[in-house]
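K.L.:
One structure follows; several queries about it will come next.
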Amino acid sequence: MLQWSDRSPQHWREFVNHEVCVTVQDQQRFEGRVFTVDPVSASVVLVSVQENERPSVRVILGHAVTDVQILRRGTEETERQMKSVFLPDQTQILSAEELKSRRESLRLWLEKNLVPVTEDGEVLRVANALTISAPYGPGDCSCANEIILARIQSLVESNPGAEQTSLSQTHQ
């Protein structure tokens, strides 16, 4: 049987947003919702949100994972709840229309600078190597390659459309 750490990122992605039970080598079990799985170490990031309490985050190192079982499938509501744990407060006050405007502005800016970019739902993908999530600022870029990350973050910072978007929001 294939070990957890030997599986592909596509396999791990199937667990994101679902409530799971993770068993580790010493038969200890941890439950929570999978926020993400690190594609390099196969470590699982579990989030537990109890009512009227702060969310708890637990990272389970990939080499120790022996089994992951889905207990309950995630919904759009649980996905929103999970994102609200990690996204900056600024994202939560932006409307869907404002986020769409920012995404479109950034996509056009990257294309103008000859950067290959595609939209994957609400995420921008750059050359299948980097992703940019809402609210589409330099800190919202994610990439394993530090050189690509730094260059795209610099471009994102220099996006003249972002200034216009944020100025229009502050004057409302």
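To be explicit about the labels: the chains of the structure tokens are called A, B, and onward in the order shown, and within each one the residues are counted from 1, while ligands get numbers from 1 in the order they are shown.
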Neighbours of stretch 30-45 of chain A within 8 Å (only C-alpha atoms; same-chain residues fewer than 3 positions away dropped), as a PDB file with N, CA, C and O atoms, in the first residue's frame?
P.N.:
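After the write, part34.pdb holds the following:
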ATOM      1  N   TRP A   4       1.309   7.625   2.830  1.00  0.00           N
ATOM      2  CA  TRP A   4       0.725   8.955   2.708  1.00  0.00           C
ATOM      3  C   TRP A   4       1.708   9.922   2.043  1.00  0.00           C
ATOM      4  O   TRP A   4       1.354  10.660   1.134  1.00  0.00           O
ATOM      5  N   SER A   5       2.946   9.921   2.495  1.00  0.00           N
ATOM      6  CA  SER A   5       3.929  10.882   1.982  1.00  0.00           C
ATOM      7  C   SER A   5       4.333  10.594   0.541  1.00  0.00           C
ATOM      8  O   SER A   5       4.914  11.456  -0.121  1.00  0.00           O
ATOM      9  N   PRO A   9       0.030  15.291  -4.887  1.00  0.00           N
ATOM     10  CA  PRO A   9      -0.729  16.447  -4.403  1.00  0.00           C
ATOM     11  C   PRO A   9      -2.201  16.391  -4.823  1.00  0.00           C
ATOM     12  O   PRO A   9      -3.067  16.844  -4.079  1.00  0.00           O
ATOM     13  N   TRP A  12      -3.919  14.364  -2.199  1.00  0.00           N
ATOM     14  CA  TRP A  12      -4.051  15.099  -0.941  1.00  0.00           C
ATOM     15  C   TRP A  12      -5.132  16.160  -1.046  1.00  0.00           C
ATOM     16  O   TRP A  12      -5.853  16.408  -0.094  1.00  0.00           O
ATOM     17  N   ARG A  13      -5.238  16.782  -2.223  1.00  0.00           N
ATOM     18  CA  ARG A  13      -6.219  17.852  -2.417  1.00  0.00           C
ATOM     19  C   ARG A  13      -7.651  17.355  -2.191  1.00  0.00           C
ATOM     20  O   ARG A  13      -8.532  18.118  -1.813  1.00  0.00           O
ATOM     21  N   PHE A  15      -8.757  15.806   0.171  1.00  0.00           N
ATOM     22  CA  PHE A  15      -9.090  15.861   1.590  1.00  0.00           C
ATOM     23  C   PHE A  15      -9.338  17.283   2.096  1.00  0.00           C
ATOM     24  O   PHE A  15      -9.862  17.466   3.187  1.00  0.00           O
ATOM     25  N   VAL A  16      -8.938  18.280   1.311  1.00  0.00           N
ATOM     26  CA  VAL A  16      -9.060  19.685   1.743  1.00  0.00           C
ATOM     27  C   VAL A  16     -10.520  20.044   1.982  1.00  0.00           C
ATOM     28  O   VAL A  16     -11.402  19.701   1.197  1.00  0.00           O
ATOM     29  N   ASN A  17     -10.764  20.708   3.101  1.00  0.00           N
ATOM     30  CA  ASN A  17     -12.073  21.187   3.561  1.00  0.00           C
ATOM     31  C   ASN A  17     -12.929  20.097   4.192  1.00  0.00           C
ATOM     32  O   ASN A  17     -14.002  20.376   4.690  1.00  0.00           O
ATOM     33  N   HIS A  18     -12.493  18.870   4.188  1.00  0.00           N
ATOM     34  CA  HIS A  18     -13.284  17.790   4.791  1.00  0.00           C
ATOM     35  C   HIS A  18     -12.832  17.550   6.230  1.00  0.00           C
ATOM     36  O   HIS A  18     -11.663  17.730   6.563  1.00  0.00           O
ATOM     37  N   GLU A  19     -13.785  17.138   7.051  1.00  0.00           N
ATOM     38  CA  GLU A  19     -13.447  16.755   8.418  1.00  0.00           C
ATOM     39  C   GLU A  19     -12.880  15.348   8.367  1.00  0.00           C
ATOM     40  O   GLU A  19     -13.494  14.444   7.782  1.00  0.00           O
ATOM     41  N   VAL A  20     -11.702  15.167   8.958  1.00  0.00           N
ATOM     42  CA  VAL A  20     -11.002  13.890   8.847  1.00  0.00           C
ATOM     43  C   VAL A  20     -10.503  13.410  10.208  1.00  0.00           C
ATOM     44  O   VAL A  20     -10.463  14.164  11.182  1.00  0.00           O
ATOM     45  N   CYS A  21     -10.109  12.153  10.211  1.00  0.00           N
ATOM     46  CA  CYS A  21      -9.389  11.570  11.345  1.00  0.00           C
ATOM     47  C   CYS A  21      -8.040  11.121  10.798  1.00  0.00           C
ATOM     48  O   CYS A  21      -7.979  10.284   9.888  1.00  0.00           O
ATOM     49  N   VAL A  22      -6.965  11.705  11.325  1.00  0.00           N
ATOM     50  CA  VAL A  22      -5.613  11.366  10.888  1.00  0.00           C
ATOM     51  C   VAL A  22      -4.984  10.458  11.935  1.00  0.00           C
ATOM     52  O   VAL A  22      -4.939  10.790  13.120  1.00  0.00           O
ATOM     53  N   THR A  23      -4.515   9.305  11.490  1.00  0.00           N
ATOM     54  CA  THR A  23      -3.827   8.362  12.373  1.00  0.00           C
ATOM     55  C   THR A  23      -2.335   8.461  12.088  1.00  0.00           C
ATOM     56  O   THR A  23      -1.922   8.479  10.926  1.00  0.00           O
ATOM     57  N   SER A  48      -9.509  23.067  13.898  1.00  0.00           N
ATOM     58  CA  SER A  48     -10.687  22.732  14.699  1.00  0.00           C
ATOM     59  C   SER A  48     -11.308  24.035  15.175  1.00  0.00           C
ATOM     60  O   SER A  48     -10.632  24.874  15.777  1.00  0.00           O
ATOM     61  N   VAL A  57      -5.145  25.227  15.408  1.00  0.00           N
ATOM     62  CA  VAL A  57      -4.490  24.721  14.210  1.00  0.00           C
ATOM     63  C   VAL A  57      -3.433  23.715  14.646  1.00  0.00           C
ATOM     64  O   VAL A  57      -2.661  23.976  15.562  1.00  0.00           O
ATOM     65  N   ARG A  58      -3.413  22.581  13.986  1.00  0.00           N
ATOM     66  CA  ARG A  58      -2.449  21.534  14.307  1.00  0.00           C
ATOM     67  C   ARG A  58      -1.806  21.076  12.999  1.00  0.00           C
ATOM     68  O   ARG A  58      -2.504  20.813  12.025  1.00  0.00           O
ATOM     69  N   VAL A  59      -0.483  21.005  12.987  1.00  0.00           N
ATOM     70  CA  VAL A  59       0.241  20.500  11.825  1.00  0.00           C
ATOM     71  C   VAL A  59       0.739  19.096  12.165  1.00  0.00           C
ATOM     72  O   VAL A  59       1.440  18.897  13.155  1.00  0.00           O
ATOM     73  N   ILE A  60       0.349  18.145  11.327  1.00  0.00           N
ATOM     74  CA  ILE A  60       0.776  16.757  11.528  1.00  0.00           C
ATOM     75  C   ILE A  60       1.787  16.441  10.441  1.00  0.00           C
ATOM     76  O   ILE A  60       1.476  16.516   9.243  1.00  0.00           O
ATOM     77  N   LEU A  61       2.997  16.146  10.868  1.00  0.00           N
ATOM     78  CA  LEU A  61       4.081  15.920   9.919  1.00  0.00           C
ATOM     79  C   LEU A  61       3.787  14.727   9.014  1.00  0.00           C
ATOM     80  O   LEU A  61       3.362  13.668   9.474  1.00  0.00           O
ATOM     81  N   GLY A  62       4.005  14.933   7.729  1.00  0.00           N
ATOM     82  CA  GLY A  62       3.647  13.944   6.714  1.00  0.00           C
ATOM     83  C   GLY A  62       4.290  12.584   6.903  1.00  0.00           C
ATOM     84  O   GLY A  62       3.652  11.557   6.669  1.00  0.00           O
ATOM     85  N   HIS A  63       5.548  12.550   7.359  1.00  0.00           N
ATOM     86  CA  HIS A  63       6.223  11.262   7.513  1.00  0.00           C
ATOM     87  C   HIS A  63       5.585  10.392   8.604  1.00  0.00           C
ATOM     88  O   HIS A  63       5.734   9.169   8.591  1.00  0.00           O
ATOM     89  N   MET A  82     -13.423  28.210   7.109  1.00  0.00           N
ATOM     90  CA  MET A  82     -11.988  27.886   7.166  1.00  0.00           C
ATOM     91  C   MET A  82     -11.155  29.058   6.644  1.00  0.00           C
ATOM     92  O   MET A  82     -10.153  29.422   7.243  1.00  0.00           O
TER      93      MET A  82
END
K.L.:
What are the DSSP strand (DSSP E or B) residues of stretch 38-133 of chain A, as a tab-separated table (two decimals) with C-alpha atoms, in the first residue's frame?
P.N.:
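Everything below was put into result_21.tsv:
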chain	number	residue	atom	x	y	z
A	44	VAL	CA	-1.47	17.95	7.08
A	45	VAL	CA	-2.77	21.24	8.49
A	46	LEU	CA	-5.89	20.55	10.58
A	47	VAL	CA	-8.20	23.25	11.89
A	48	SER	CA	-10.69	22.73	14.70
A	56	SER	CA	-6.97	25.68	16.89
A	57	VAL	CA	-4.49	24.72	14.21
A	58	ARG	CA	-2.45	21.53	14.31
A	59	VAL	CA	0.24	20.50	11.82
A	60	ILE	CA	0.78	16.76	11.53
A	65	VAL	CA	0.82	9.94	8.90
A	66	THR	CA	-0.30	6.34	8.39
A	67	ASP	CA	-3.96	6.88	7.50
A	68	VAL	CA	-6.49	9.63	6.78
A	69	GLN	CA	-10.22	8.91	6.87
A	70	ILE	CA	-12.92	11.37	5.84
A	71	LEU	CA	-15.52	11.71	8.60
A	72	ARG	CA	-17.72	14.43	7.03
A	117	VAL	CA	-1.84	33.89	-16.11
A	118	THR	CA	-5.13	31.99	-15.96
A	119	GLU	CA	-8.14	32.18	-13.68
A	120	ASP	CA	-9.08	29.08	-11.70
A	123	VAL	CA	-7.55	32.05	-7.79
A	124	LEU	CA	-5.09	33.39	-10.35
A	125	ARG	CA	-2.51	30.85	-11.55
A	126	VAL	CA	0.78	32.02	-13.00
A	130	LEU	CA	2.31	30.24	-8.50
A	131	THR	CA	-1.15	31.07	-7.17
A	132	ILE	CA	-2.60	34.40	-6.07
K.L.:
So that I can see what lies close to A:Glu104, please list as number ranges by chain the residues with an atom at most 10 Å from it, counting only C-alpha atoms and leaving out residues fewer than 5 positions away in the same chain.
P.N.:
A: 98-99, 109-110, 119, 124, 136, 161
K.L.:
Go ahead and save the picked residues with N, CA, C and O atoms, as a CSV table (one decimal), in the first residue's frame.
P.N.:
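Printed below is again-v3.csv as written:
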chain,number,residue,atom,x,y,z
A,98,GLU,N,-15.9,43.7,-5.5
A,98,GLU,CA,-14.6,44.3,-5.3
A,98,GLU,C,-13.5,43.3,-5.5
A,98,GLU,O,-12.5,43.7,-6.2
A,99,LEU,N,-13.7,42.1,-5.0
A,99,LEU,CA,-12.7,41.1,-5.2
A,99,LEU,C,-12.5,40.7,-6.7
A,99,LEU,O,-11.4,40.6,-7.2
A,109,TRP,N,-2.9,43.3,-15.6
A,109,TRP,CA,-1.6,43.8,-15.3
A,109,TRP,C,-0.5,42.8,-15.6
A,109,TRP,O,0.5,43.0,-16.2
A,110,LEU,N,-0.8,41.6,-15.2
A,110,LEU,CA,0.2,40.5,-15.4
A,110,LEU,C,0.3,40.2,-16.9
A,110,LEU,O,1.4,40.0,-17.4
A,119,GLU,N,-7.3,32.1,-14.8
A,119,GLU,CA,-8.1,32.2,-13.7
A,119,GLU,C,-8.6,30.8,-13.4
A,119,GLU,O,-9.0,30.1,-14.3
A,124,LEU,N,-5.9,33.2,-9.1
A,124,LEU,CA,-5.1,33.4,-10.3
A,124,LEU,C,-3.9,32.4,-10.3
A,124,LEU,O,-3.2,32.3,-9.3
A,136,TYR,N,-5.7,39.5,-3.4
A,136,TYR,CA,-4.8,39.7,-4.6
A,136,TYR,C,-3.7,40.7,-4.4
A,136,TYR,O,-3.4,41.5,-5.2
A,161,GLY,N,-3.4,49.4,-11.1
A,161,GLY,CA,-4.9,49.2,-10.9
A,161,GLY,C,-5.2,48.9,-9.5
A,161,GLY,O,-6.3,49.2,-9.1
K.L.:
How far is it from atom CA of A:Ser133 to atom CA of A:Val85, in Å with one decimal?
P.N.:
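These atoms are spaced 14.6 Å apart.
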K.L.:
Please run DSSP on the backbone and report, as a ChimeraX atom specification, all residues within chain A that come out as helix (DSSP H, G or I).
P.N.:
/A:4-6,9-13,62-64,76-86,89-93,96-112,138-140,146-157,160-170
K.L.:
One decimal, Å: what's the distance from atom CA of A:His11 over to atom CA of A:Ile147, could you say?
P.N.:
27.2 Å
K.L.:
From the set A:Asn128, A:Val24, A:Gly74, A:Arg7, which residue has the shortest atom-to-atom contact distance to A:Cys143, counting only C-alpha atoms?
P.N.:
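The closest residue to A:Cys143 is A:Asn128.
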K.L.:
What lies within 12 Å of A:Ser158 using only C-alpha atoms, ignoring chain neighbours under 2 positions off, as a PyMOL selection string?
P.N.:
chain A and resi 105-106+109-110+113+137-138+151-156+160-164
K.L.:
Using only C-alpha atoms, which of A:Cys141, A:Ile148, A:Ala64, A:Ala129 sits nearest A:Asp26?
P.N.:
A:Ala64
